[in-house]
Structure formats: structure tokens, C-alpha cells
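Note sheet for the following structure.
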Amino acid sequence: MQQNPVFNRRAGDRKGLSLAGSASGRDESHNHYPTPYLIIDEKYWILYANTAALREIDPNLLTGKQGINRTNLLRYIKRGTTEFLDWIDSDLYAPLELRVLCQNQARRCLLYKEIVEENGSRKTHLSLLIVDAQNFADAEFNTHRLVFTNTQQAIYVSNSDGKITAVNPAFCRMFKYQEQKIIGCDEESLYDDATKFLRQDEIKLNLEQLGSWTGRVVNIGQDGKLFHTSLHASTVPKDNSDDYYIVNIIQDISNQLQLEKQLKESAEIDALTRLHNRLAFNGYFNEAFKQAQRDDEKLNLLFIDLDKFKELNDQFGHDYGDELLINVSRRLKNTLKDTDFIARLGGDEFVILLRGEMKKETLVTLSNKLIKTLAEPFKLKDLTYQCTSSIGIARYPFDAITAEQLLQAADSAMYLSKKAGRNCCCFYNEEAQKQAHSLVEQRHEIGNAIANGEIKTYFQPVHNLLTGKIVAFEALARWVRSEDDIRLPADFMPIIENDPLMVKLGLQVANQVYQLSGILDRMNLATEVAMNLSAIQLRSEELISYIETLFAKKGRDYCNKVHIEIAEPLVFDRDPVILENLNRLTSIGFQLTLDNFGKGNSSIYTLKRIEFSTVKIDRIFLEAFNQEDSQDAQILTGLIQLLHNLNVRIICEGVESQEYVHFLLDRGCVLAQGWLFAEAMPKSEILQYQRRFA
């Protein structure tokens with residue numbers, strides 16, 4: 001069934017409607033119709049004609065000719081009068097095609113009717129579409145009409161004055177308007193206030209200058225409900241005129257917006273803990289900071305880090321670590337207010353943003369409450385685990401004037417808590433931050449020195465005090481800034497001890513130890529070589545794999561001459577990764593030396609848990625050797641005797657005088673190293689030094 005593009009309703013819906021614009025009312029809204037519109041009585045006399053009818057058919061439709069006050073429509077039907085008479089009195093609402101006299105020319109037209117009962121009389125509303133070749137080809141017209149009528153996108157046409165001239169069925173469904181109620185209305189009634197302002201500025205300007213505009217707007221239906229849509233508006237010039245129509249295509253995007261909201265929530269919610277993630281925090285934090293600057297508001301940022309979280313992951317697996325993070329998140333949410341913003345930045349780092357002015361005492365109380373809450377034991381599957389946390393506190397505008405600086409300040413304060421012993425809170429300290437910044441610069445300088453080969457591997461000999469022969473060399477790092485400026489490890493190693501730079505340095509030292517071992521092996525010397533490995537180096541898969549690959553090809557006997565020296569505290573940490581990597585090295589022949597014995601938490605259990613071939617007694621005992629009433633001599637004597645009983649080889653460090661030599665020999669300690677024999681030397685000087693004791 002063909003439909004009238006002006007009415008666009010099912011024929012069955014038309015019967016019995018009382019339309020505004022009857023002969024008595026003559027609603028001027030029909031004047032805005034772009035096609036001829038007539039109202040006739042039961043005798044086919046024309047009671048009303050709109051502007052388009054007067055223009056397209058005859059200006060005298062209402063005044064008649066030759067003194068006749070009214071005009072009968074039958075005068076204008078040139079072909080198809082019988083069909084018209086049958087159609088006009090029937091219940092058929094399909095459009096009728098016939099020839100109508102328009103401006104004294106017979107033109108092919110399609111007629112659509114609307115029957116209205118009014119005051120006991122029957123009137124027929126007619127809409128005419130002139131469809132002959134003078135306007136456009138039939139195929140093109142039918143295509144356009146079908147698209148306009150059947151598309152699921154709402155379309156309405158308005159004129160340059162903003163009056164609605166045509167709507168399609170999809171528009172009526174979306175806005176819940178009947179066609180005759182909206183035609184001629186101001187299109188401003190379709191939009192909310194914000195969109196009205198947008199139409200007055202941006203949309204109007206784009207239509208005038210570019211001829212189109214596309215964007216998102218908010219519409220209002222006849223029931224008053226708001227809904228979000230996508231609007232594409234474009235101008236269509238009128239024939240032979242500077243005026244234009246505006247075609248508005250509207251698509252409901254409510255489902256799309258809901259999907260976008262879900263995707264945004266998915267992108268901004270941490271999948272594990274269901275807290276806000278870093279992306280959400282960045283957005284909220286930046287907006288809150290801008291508002292605080294505008295309104296002279298205070299902000300308080302708490303930066304929380306779980307202590308030794310990595311060890312939980314390494315020892316028990318990531319499932320346990322994830323379980324801890326989930327439980328920590330729950331406790332944080334249960335402790336804080338709903339208005340407090342909590343986010344997980346990643347790993348075991350959390351931030352809390354508190355808006356408004358808060359006293360330092362209040363922040364300390366809250367932080368301690370969080371620390372106490374998180375310190376209560378967690379039930380992680382089959383494991384009962386106690387966690388501690390460190391909290392850094394920074395305040396705007398006292399500690400920073402930009403959002404980035406405030407976050408950095410809270411992070412810096414958190415590290416102060418770590419240095420203070422963990423399980424506590426600290427406020428941002430500018431002086432401490434300056435020191436931290438200085439450390440960053442020093443670390444950068446050391447990194448450049450490693451990359452440029454300025455940190456070199458020197459070797460200090462270990463001598464047999466009875467024979468004087470060299471039994472081993474210990475690899476030691478030296479920062480050679482110039483010939484007169486050679487810095488000892490104590491000057492730079494503490495700065496990078498927990499930095500990945502230690503791994504890079506370890507790779508270089510391992511290569512130098514490999515080269516010296518090869519030289520000594522080719523000379524058929526039984527001299528051993530030792531290298532120190534720190535905690536971060538022993539945890540490094542890169543470094544351990546490199547050492548394995550480098551030395552394993554030489555065989556077990558070759559590796560037996562290489563010692564790995566580790567500091568005593570590493571053993572007490574019981575790090576499963578370190579212990580596993582030590583097993584990997586000893587399995588290919590490396591021997592282990594326990595360094596700095598007696599300096600830390602000395603325990604015989606240490607020697608029982610790991611098989612050390614050698615123990616180095618720390619130099620602190622010899623340094624206090626000459627002090628009056630010193631007990632160090634007695635302690636040292638006891639340590640030497642104890643280690644002898646355990647059948648462990650002993651090396652005493654820090655031997656700098658003959659007095660030390662006599663003391664050690666008297667107690668059966670025959671291996672020593674120190675400046676009495678030689679300082680650490682470059683690899684190029686070792687062979688010459690070796691010949692002196694051959």
C-alpha cells in the first residue's frame with residue numbers, strides 16, 4: 001500500500017479522526033505542508049486550500065471563476081473522474097492516481113484522503129503529490145518515498161524558519177506524536193535546553209556555512225521523557241530559490257550509551273579487586289584537583305603499599321597474592337566512607353583521595369587505623385598470613401601545586417615509611433625528597449659509568465699465611481673516574497643495591513671472572529676466583545642464566561674453582577627464588593662462600609641449611625683487636641674454633657699487620673686477605689703479581 005509522505009500513517013488509523021484545519025477552523029499549520037492540501041465537502045466543493053495548492057494548481061481555487069464563489073474539484077480532474085468518484089466514497093485508503101489540471105496543464109498526481117466527520121457533516125481532506133516528469137522520474141520518486149517511509153531512522157523535514165513540514169513513521173514512533181499534531185510546530189519543542197543552546201550556536205552556524213551538522217543531542221518526546229540521540233542535519237535547497245529545507249535524521253543511541261557506560265566501567269574498574277583502577281584514578285584525581293584549585297579546596301592523598309608482597313607471590317604463588325589483594329580491598333572499603341575515593345594503581349599499590357580540609361592529627365589517626373586493620377591476619381585459602389603496610393601522606397596545597405607533584409609527594413612519603421621500618425605512616429618531607437632526588441641523579445650517573453665501562457672489575461688476592469702462596473682472588477668493583485680517583489664499592493654500591501643496574505654490573509663482573517678463570521686454568525694454576533652476588537642479582541633470571549650458560553660448557557672441574565660469595569642476611573631472608581638459583585649454580589659445580597660471617601645475625605643453623613665450603617669472618621673483629629679490654633679477640637678465637645669443628649674452610653678479612661697474622665696462625669686460621677698483602681688490582685697486573693709467589 002502506498003502512503004502519503006505528509007501523513008505517513010496506516011490507512012486504518014485515519015478513519016474518524018477530527019483534524020485541525022477543517023473548513024471551519026482552517027488550521028494554518030497546513031500551510032506549511034510542501035504539497036497541495038485540500039478540504040472538500042460531500043459535493044466535492046473546495047472548502048480549503050493551502051499555499052502549495054494555490055501555487056501548484058490554481059490561485060483561484062477558493063474564489064472561483066466567473067462570479068462563482070466556490071470551485072468544485074471535479075473541474076480540475078482531466079482523466080479518471082469515474083475512478084475518483086468511486087474512490088472518494090469508498091472505505092479504500094490506498095492512494096489514487098489520476099490526471100489533475102495544474103496551472104492549466106494536465107499533470108499526473110497521487111491523491112491521499114482523510115475522511116473527517118464534523119458537526120454532522122462529512123468532509124474529506126486530500127493531499128496531492130504531483131509525480132510526473134516535470135518534477136522527477138517515477139523510479140527515483142518511488143525509491144525516495146519508500147526509503148523515507150520505511151526506514152527505521154526517524155526523519156523530519158523543517159524549513160528555514162524552524163517549522164516542521166514533514167515526518168516519517170519512525171519519527172512518530174520515536175517521539176510518540178501523531179503526524180497532524182506535529183506538522184507546523186516549532187522544531188525547538190523536540191529538544192532539551194542544552195541542545196537548544198547548541199542549535200542556536202554551533203548547529204545553526206554549521207548549517208549556514210557547511211550545509212550539515214552531525215552530533216549527539218537530547219530530545220523530548222510528546223510524553224515529556226528525555227532520550228539521547230544522534231542527529232544528522234543537512235540543508236536541501238528549494239528549486240529556483242535561496243531558501244532551503246533541513247532534513248533531520250535522528251537515531252536513538254540509548255543502547256549505545258549504555259554499552260559505552262559498561263565499557264567505560266569495565267575499562268576503569270580493576271578486574272581483580274573491583275576497585276577503581278589507575279585510569280579511573282587519573283580522571284577523577286585530575287578533575288578533583290582542578291576543582292580544588294578553582295574553589296580553594298584542600299586535598300589529602302594517601303599512598304598505601306603492602307610490605308614484602310613480592311615475597312608472598314614468590315613463596316606461595318600469585319594465587320595467594322591475588323587473594324590478599326582482594327581481601328585488602330574489602331577491608332579498605334569497609335573502613336573508609338563511601339565518599340572517599342579508593343583506587344588500586346597496580347601491583348600492591350593503593351591510593352585514597354580525601355577531599356576537604358583535614359588536620360594532620362586526623363590523617364595520622366585514619367592512617368594508623370588502616371595500618372591496624374590491614375595488620376590483622378588474613379585467611380588466604382589454606383594459609384593464615386599477616387600483612388603489614390606503609391602509608392605516605394601528601395596534602396594540597398601544602399606539599400604540591402600540581403596533581404602530578406601531589407602524587408609524587410605521596411609516593412615519596414610512602415618510601416619514607418619504608419625506611420622508617422615499615423608498618424607506619426609518614427608525611428611528605430621536602431628535605432627527604434631533595435635527598436631522594438639526589439639519589440636519583442647519582443643512580444643515573446652510576447648507570448652511565450656502568451654503560452661506559454668506568455666501573456671495572458679488580459681482583460684482591462687471598463693468601464696462605466703459612467706458605468705465602470695465592471689460593472684465590474676475589475672480584476671487586478672499582479669506579480675508575482680517573483687515575484687519581486678510584487672509588488671503592490662503599491662509595492656507590494649502596495646507591496644501586498636494589499636497582500636493576502646491579503644486574504648489568506653483575507653481567508660485566510661474571511664475564512671478567514670467566515676470563516680470569518680461563519687464564520689461570522690455561523696456566524695450570526689451582527687458584528680459585530670468587531664473585532659476590534647480591535639479593536637482586538641472585539633473583540635475576542637474566543644473570544643466573546648467563547652465568548650458567550657461560551661456565552657450564554667448561555665442565556664441573558672448571559666450575560669447582562669458582563666461588564659465589566653471598567652475604568649472611570640473604571640466607572636469613574629465606575627467599576625461595578634465591579635458594580633455587582643457588583641450587584642451580586651449585587649443581588654445575590660452583591662452590592658457596594658465606595661472606596661477612598659474624599657481622600649479622602650469626603647462626604650455626606645458617607651453615608646447616610646450606611652447604612658452604614668456605615666462611616669469611618668479617619673484618620670488624622680485627623679492627624677492634626688492639627682496643628683495651630676488647631672481647632673481640634675472644635669472640636674471634638671462639639668463631640675460628642667453632643668453624644674448625646664444622647670442617648669449614650676459614651678466610652679472615654681485613655688483615656693489615658703482622659700482628660694479625662701471628663694472632664690468626666696461633667688459632668689455626670691460615671687463609672687471609674687484606675692490604676697487608678695487596679690491594680685489589682686490575683686483571684692486567686695479576687700475572688705479574690702471581691709470579692712473585694710462584
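Residue numbering restarts at 1 in every chain; chains get A, B, ... in the order shown in the C-alpha cells, and ligands count up from 1 in that same order.
Once A:Glu357 and its same-chain neighbours fewer than 4 positions away are set aside, A:Glu297, A:Lys298, A:Leu299, A:Asn300 remain within 9 Å of it when counting only C-alpha atoms.
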Long-range neighbours of stretch 659-667 of chain A as a list in words, 9 Å cut-off, only C-alpha atoms, 6 positions minimum in chain
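Those residues are Leu465, Leu466, Leu622, Phe625, Ala633, Thr637, Ile640, Gln641 and Cys652 of chain A.
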Check stretch 180-341 of chain A with DSSP on the backbone and list each residue it calls strand (DSSP E), as an NGL selection string.
:A and (212-220 or 226-237 or 244-252 or 299-306 or 341)
So, counting only C-alpha atoms, which residue among A:Asp632, A:Asp557, A:Asp595, A:Glu679 is closest to A:Phe473?
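Nearest candidate to A:Phe473 out of A:Asp632, A:Asp557, A:Asp595, A:Glu679: A:Glu679.
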Go through stretch 117-331 of chain A and collect every residue that DSSP, computed from the backbone, puts in alpha helix (DSSP H); the answer should be as number ranges by chain.
A: 138-150, 169-175, 179-182, 193-198, 204-209, 254-268, 278-295, 309-316, 318-331
May I ask which of the residues A:Glu361, A:Asp399, A:Asp499, A:Asp340 is the closest one to A:Gly447, counting only C-alpha atoms?
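For A:Gly447, the nearest of the given residues is A:Asp499.
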Would you mind reading off the distance between atom CA of A:Ala233 and atom CA of A:Trp213, one decimal, in Å?
5.3 Å
Using only C-alpha atoms, can you tell me which of A:Leu190, A:Ile40, A:Leu101, A:Leu210 comes closest to A:Val116?
A:Ile40
Which residues are near stretch 680-688 of chain A? Cut-off 8 Å, only C-alpha atoms, ignore same chain within fewer than 6 positions. Put them as a PyMOL selection string.
chain A and resi 457-461+476+516
Between A:Ala94, A:Ile304, A:Ala567, A:Leu38, which one has atoms that come closest to A:Thr71, using only C-alpha atoms?
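For A:Thr71, the nearest of the given residues is A:Leu38.
The residue that comes closest to A:Thr549, out of A:Pro377, A:Leu585, A:Pro576, A:Leu525 and on the basis of only C-alpha atoms, is A:Leu585.
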As a PDB file with N, CA, C and O atoms, in the first residue's frame, please: the residues near stretch 252-264 of chain A (cut-off 12 Å, only C-alpha atoms, same-chain neighbours under 2 positions excluded).
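Result file around-v7.pdb:
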ATOM      1  N   GLN A 152      14.060   2.806   9.485  1.00  0.00           N
ATOM      2  CA  GLN A 152      13.906   2.739  10.940  1.00  0.00           C
ATOM      3  C   GLN A 152      14.450   3.987  11.628  1.00  0.00           C
ATOM      4  O   GLN A 152      14.273   4.150  12.837  1.00  0.00           O
ATOM      5  N   GLN A 153      15.123   4.823  10.865  1.00  0.00           N
ATOM      6  CA  GLN A 153      15.626   6.070  11.432  1.00  0.00           C
ATOM      7  C   GLN A 153      14.544   7.140  11.360  1.00  0.00           C
ATOM      8  O   GLN A 153      13.881   7.298  10.334  1.00  0.00           O
ATOM      9  N   ALA A 154      14.414   7.860  12.456  1.00  0.00           N
ATOM     10  CA  ALA A 154      13.420   8.931  12.482  1.00  0.00           C
ATOM     11  C   ALA A 154      13.900  10.091  11.611  1.00  0.00           C
ATOM     12  O   ALA A 154      15.050  10.513  11.712  1.00  0.00           O
ATOM     13  N   ILE A 155      12.994  10.579  10.765  1.00  0.00           N
ATOM     14  CA  ILE A 155      13.331  11.698   9.871  1.00  0.00           C
ATOM     15  C   ILE A 155      12.221  12.731   9.950  1.00  0.00           C
ATOM     16  O   ILE A 155      11.033  12.400   9.915  1.00  0.00           O
ATOM     17  N   ALA A 170       8.775   6.399  11.476  1.00  0.00           N
ATOM     18  CA  ALA A 170       9.748   6.129  12.535  1.00  0.00           C
ATOM     19  C   ALA A 170       9.842   7.310  13.499  1.00  0.00           C
ATOM     20  O   ALA A 170      10.019   7.129  14.708  1.00  0.00           O
ATOM     21  N   PHE A 171       9.708   8.520  12.976  1.00  0.00           N
ATOM     22  CA  PHE A 171       9.709   9.708  13.836  1.00  0.00           C
ATOM     23  C   PHE A 171       8.516   9.670  14.791  1.00  0.00           C
ATOM     24  O   PHE A 171       8.651   9.933  15.995  1.00  0.00           O
ATOM     25  N   ARG A 173       6.862   7.136  15.852  1.00  0.00           N
ATOM     26  CA  ARG A 173       7.034   6.106  16.871  1.00  0.00           C
ATOM     27  C   ARG A 173       8.026   6.550  17.941  1.00  0.00           C
ATOM     28  O   ARG A 173       7.820   6.320  19.136  1.00  0.00           O
ATOM     29  N   MET A 174       9.101   7.176  17.523  1.00  0.00           N
ATOM     30  CA  MET A 174      10.140   7.565  18.473  1.00  0.00           C
ATOM     31  C   MET A 174       9.658   8.684  19.394  1.00  0.00           C
ATOM     32  O   MET A 174       9.869   8.631  20.614  1.00  0.00           O
ATOM     33  N   PHE A 175       9.016   9.701  18.827  1.00  0.00           N
ATOM     34  CA  PHE A 175       8.623  10.870  19.617  1.00  0.00           C
ATOM     35  C   PHE A 175       7.193  10.763  20.164  1.00  0.00           C
ATOM     36  O   PHE A 175       6.777  11.633  20.921  1.00  0.00           O
ATOM     37  N   GLY A 215      26.051  15.220  15.315  1.00  0.00           N
ATOM     38  CA  GLY A 215      26.462  15.171  16.716  1.00  0.00           C
ATOM     39  C   GLY A 215      25.391  14.519  17.583  1.00  0.00           C
ATOM     40  O   GLY A 215      24.361  14.043  17.084  1.00  0.00           O
ATOM     41  N   ARG A 216      25.655  14.512  18.879  1.00  0.00           N
ATOM     42  CA  ARG A 216      24.726  13.918  19.833  1.00  0.00           C
ATOM     43  C   ARG A 216      23.897  15.008  20.497  1.00  0.00           C
ATOM     44  O   ARG A 216      24.436  16.050  20.867  1.00  0.00           O
ATOM     45  N   VAL A 217      22.594  14.730  20.652  1.00  0.00           N
ATOM     46  CA  VAL A 217      21.684  15.696  21.255  1.00  0.00           C
ATOM     47  C   VAL A 217      20.751  14.953  22.214  1.00  0.00           C
ATOM     48  O   VAL A 217      20.758  13.724  22.289  1.00  0.00           O
ATOM     49  N   VAL A 218      19.956  15.723  22.934  1.00  0.00           N
ATOM     50  CA  VAL A 218      18.943  15.154  23.826  1.00  0.00           C
ATOM     51  C   VAL A 218      17.579  15.638  23.346  1.00  0.00           C
ATOM     52  O   VAL A 218      17.342  16.843  23.227  1.00  0.00           O
ATOM     53  N   ASN A 219      16.694  14.696  23.054  1.00  0.00           N
ATOM     54  CA  ASN A 219      15.364  15.023  22.547  1.00  0.00           C
ATOM     55  C   ASN A 219      14.304  14.848  23.630  1.00  0.00           C
ATOM     56  O   ASN A 219      14.530  14.194  24.639  1.00  0.00           O
ATOM     57  N   ILE A 220      13.135  15.444  23.353  1.00  0.00           N
ATOM     58  CA  ILE A 220      11.980  15.332  24.257  1.00  0.00           C
ATOM     59  C   ILE A 220      10.815  14.764  23.465  1.00  0.00           C
ATOM     60  O   ILE A 220      10.440  15.306  22.415  1.00  0.00           O
ATOM     61  N   GLY A 221      10.221  13.676  23.949  1.00  0.00           N
ATOM     62  CA  GLY A 221       9.048  13.109  23.311  1.00  0.00           C
ATOM     63  C   GLY A 221       7.784  13.826  23.742  1.00  0.00           C
ATOM     64  O   GLY A 221       7.794  14.694  24.622  1.00  0.00           O
ATOM     65  N   LEU A 226      12.951  12.430  28.285  1.00  0.00           N
ATOM     66  CA  LEU A 226      14.181  12.767  27.557  1.00  0.00           C
ATOM     67  C   LEU A 226      14.846  11.491  27.060  1.00  0.00           C
ATOM     68  O   LEU A 226      14.823  10.461  27.731  1.00  0.00           O
ATOM     69  N   PHE A 227      15.448  11.552  25.899  1.00  0.00           N
ATOM     70  CA  PHE A 227      16.222  10.418  25.395  1.00  0.00           C
ATOM     71  C   PHE A 227      17.352  10.948  24.510  1.00  0.00           C
ATOM     72  O   PHE A 227      17.243  12.001  23.868  1.00  0.00           O
ATOM     73  N   HIS A 228      18.453  10.201  24.512  1.00  0.00           N
ATOM     74  CA  HIS A 228      19.653  10.616  23.785  1.00  0.00           C
ATOM     75  C   HIS A 228      19.624  10.084  22.354  1.00  0.00           C
ATOM     76  O   HIS A 228      19.267   8.922  22.120  1.00  0.00           O
ATOM     77  N   THR A 229      20.017  10.945  21.423  1.00  0.00           N
ATOM     78  CA  THR A 229      20.008  10.544  20.012  1.00  0.00           C
ATOM     79  C   THR A 229      21.244  11.086  19.304  1.00  0.00           C
ATOM     80  O   THR A 229      21.946  11.964  19.803  1.00  0.00           O
ATOM     81  N   SER A 230      21.453  10.524  18.126  1.00  0.00           N
ATOM     82  CA  SER A 230      22.456  11.053  17.203  1.00  0.00           C
ATOM     83  C   SER A 230      21.706  11.787  16.098  1.00  0.00           C
ATOM     84  O   SER A 230      20.770  11.238  15.497  1.00  0.00           O
ATOM     85  N   LEU A 231      22.071  13.023  15.849  1.00  0.00           N
ATOM     86  CA  LEU A 231      21.375  13.852  14.864  1.00  0.00           C
ATOM     87  C   LEU A 231      22.298  14.182  13.693  1.00  0.00           C
ATOM     88  O   LEU A 231      23.441  14.602  13.903  1.00  0.00           O
ATOM     89  N   HIS A 232      21.789  13.947  12.492  1.00  0.00           N
ATOM     90  CA  HIS A 232      22.482  14.426  11.293  1.00  0.00           C
ATOM     91  C   HIS A 232      21.525  15.358  10.568  1.00  0.00           C
ATOM     92  O   HIS A 232      20.455  14.943  10.106  1.00  0.00           O
ATOM     93  N   ILE A 249      17.909  13.664  10.351  1.00  0.00           N
ATOM     94  CA  ILE A 249      17.872  12.211  10.545  1.00  0.00           C
ATOM     95  C   ILE A 249      18.302  11.917  11.980  1.00  0.00           C
ATOM     96  O   ILE A 249      19.388  12.318  12.402  1.00  0.00           O
ATOM     97  N   ILE A 250      17.447  11.213  12.712  1.00  0.00           N
ATOM     98  CA  ILE A 250      17.662  11.001  14.149  1.00  0.00           C
ATOM     99  C   ILE A 250      17.720   9.504  14.447  1.00  0.00           C
ATOM    100  O   ILE A 250      16.871   8.739  13.965  1.00  0.00           O
ATOM    101  N   SER A 266      34.067  -1.005  32.641  1.00  0.00           N
ATOM    102  CA  SER A 266      34.982  -2.139  32.506  1.00  0.00           C
ATOM    103  C   SER A 266      36.414  -1.663  32.381  1.00  0.00           C
ATOM    104  O   SER A 266      37.340  -2.280  32.926  1.00  0.00           O
ATOM    105  N   ALA A 267      36.608  -0.543  31.673  1.00  0.00           N
ATOM    106  CA  ALA A 267      37.964  -0.020  31.474  1.00  0.00           C
ATOM    107  C   ALA A 267      38.504   0.652  32.731  1.00  0.00           C
ATOM    108  O   ALA A 267      39.721   0.748  32.900  1.00  0.00           O
ATOM    109  N   GLU A 268      37.612   1.109  33.615  1.00  0.00           N
ATOM    110  CA  GLU A 268      38.051   1.877  34.776  1.00  0.00           C
ATOM    111  C   GLU A 268      37.922   1.119  36.097  1.00  0.00           C
ATOM    112  O   GLU A 268      38.191   1.683  37.148  1.00  0.00           O
ATOM    113  N   ILE A 269      37.513  -0.141  36.027  1.00  0.00           N
ATOM    114  CA  ILE A 269      37.389  -0.954  37.241  1.00  0.00           C
ATOM    115  C   ILE A 269      38.443  -2.053  37.212  1.00  0.00           C
ATOM    116  O   ILE A 269      38.596  -2.758  36.216  1.00  0.00           O
ATOM    117  N   ASP A 270      39.171  -2.181  38.300  1.00  0.00           N
ATOM    118  CA  ASP A 270      40.178  -3.227  38.410  1.00  0.00           C
ATOM    119  C   ASP A 270      39.482  -4.586  38.461  1.00  0.00           C
ATOM    120  O   ASP A 270      38.630  -4.825  39.320  1.00  0.00           O
ATOM    121  N   HIS A 276      38.427   1.082  41.731  1.00  0.00           N
ATOM    122  CA  HIS A 276      38.834   1.885  40.582  1.00  0.00           C
ATOM    123  C   HIS A 276      40.284   1.557  40.243  1.00  0.00           C
ATOM    124  O   HIS A 276      41.103   1.272  41.129  1.00  0.00           O
ATOM    125  N   ASN A 277      40.602   1.605  38.949  1.00  0.00           N
ATOM    126  CA  ASN A 277      41.981   1.348  38.540  1.00  0.00           C
ATOM    127  C   ASN A 277      42.716   2.659  38.280  1.00  0.00           C
ATOM    128  O   ASN A 277      42.200   3.747  38.545  1.00  0.00           O
ATOM    129  N   LEU A 279      43.452   4.196  35.500  1.00  0.00           N
ATOM    130  CA  LEU A 279      42.785   5.066  34.528  1.00  0.00           C
ATOM    131  C   LEU A 279      41.683   5.881  35.194  1.00  0.00           C
ATOM    132  O   LEU A 279      41.577   7.097  34.973  1.00  0.00           O
ATOM    133  N   ALA A 280      40.865   5.216  35.999  1.00  0.00           N
ATOM    134  CA  ALA A 280      39.783   5.923  36.693  1.00  0.00           C
ATOM    135  C   ALA A 280      40.350   6.932  37.688  1.00  0.00           C
ATOM    136  O   ALA A 280      39.832   8.049  37.820  1.00  0.00           O
ATOM    137  N   GLY A 283      41.588  10.138  35.924  1.00  0.00           N
ATOM    138  CA  GLY A 283      40.493  11.026  35.522  1.00  0.00           C
ATOM    139  C   GLY A 283      39.874  11.748  36.709  1.00  0.00           C
ATOM    140  O   GLY A 283      39.695  12.967  36.683  1.00  0.00           O
TER     141      GLY A 283
END
Pick from A:Lys419, A:Arg691, A:Lys553, A:Arg395: nearest to A:Lys469, with only C-alpha atoms counted?
A:Arg691
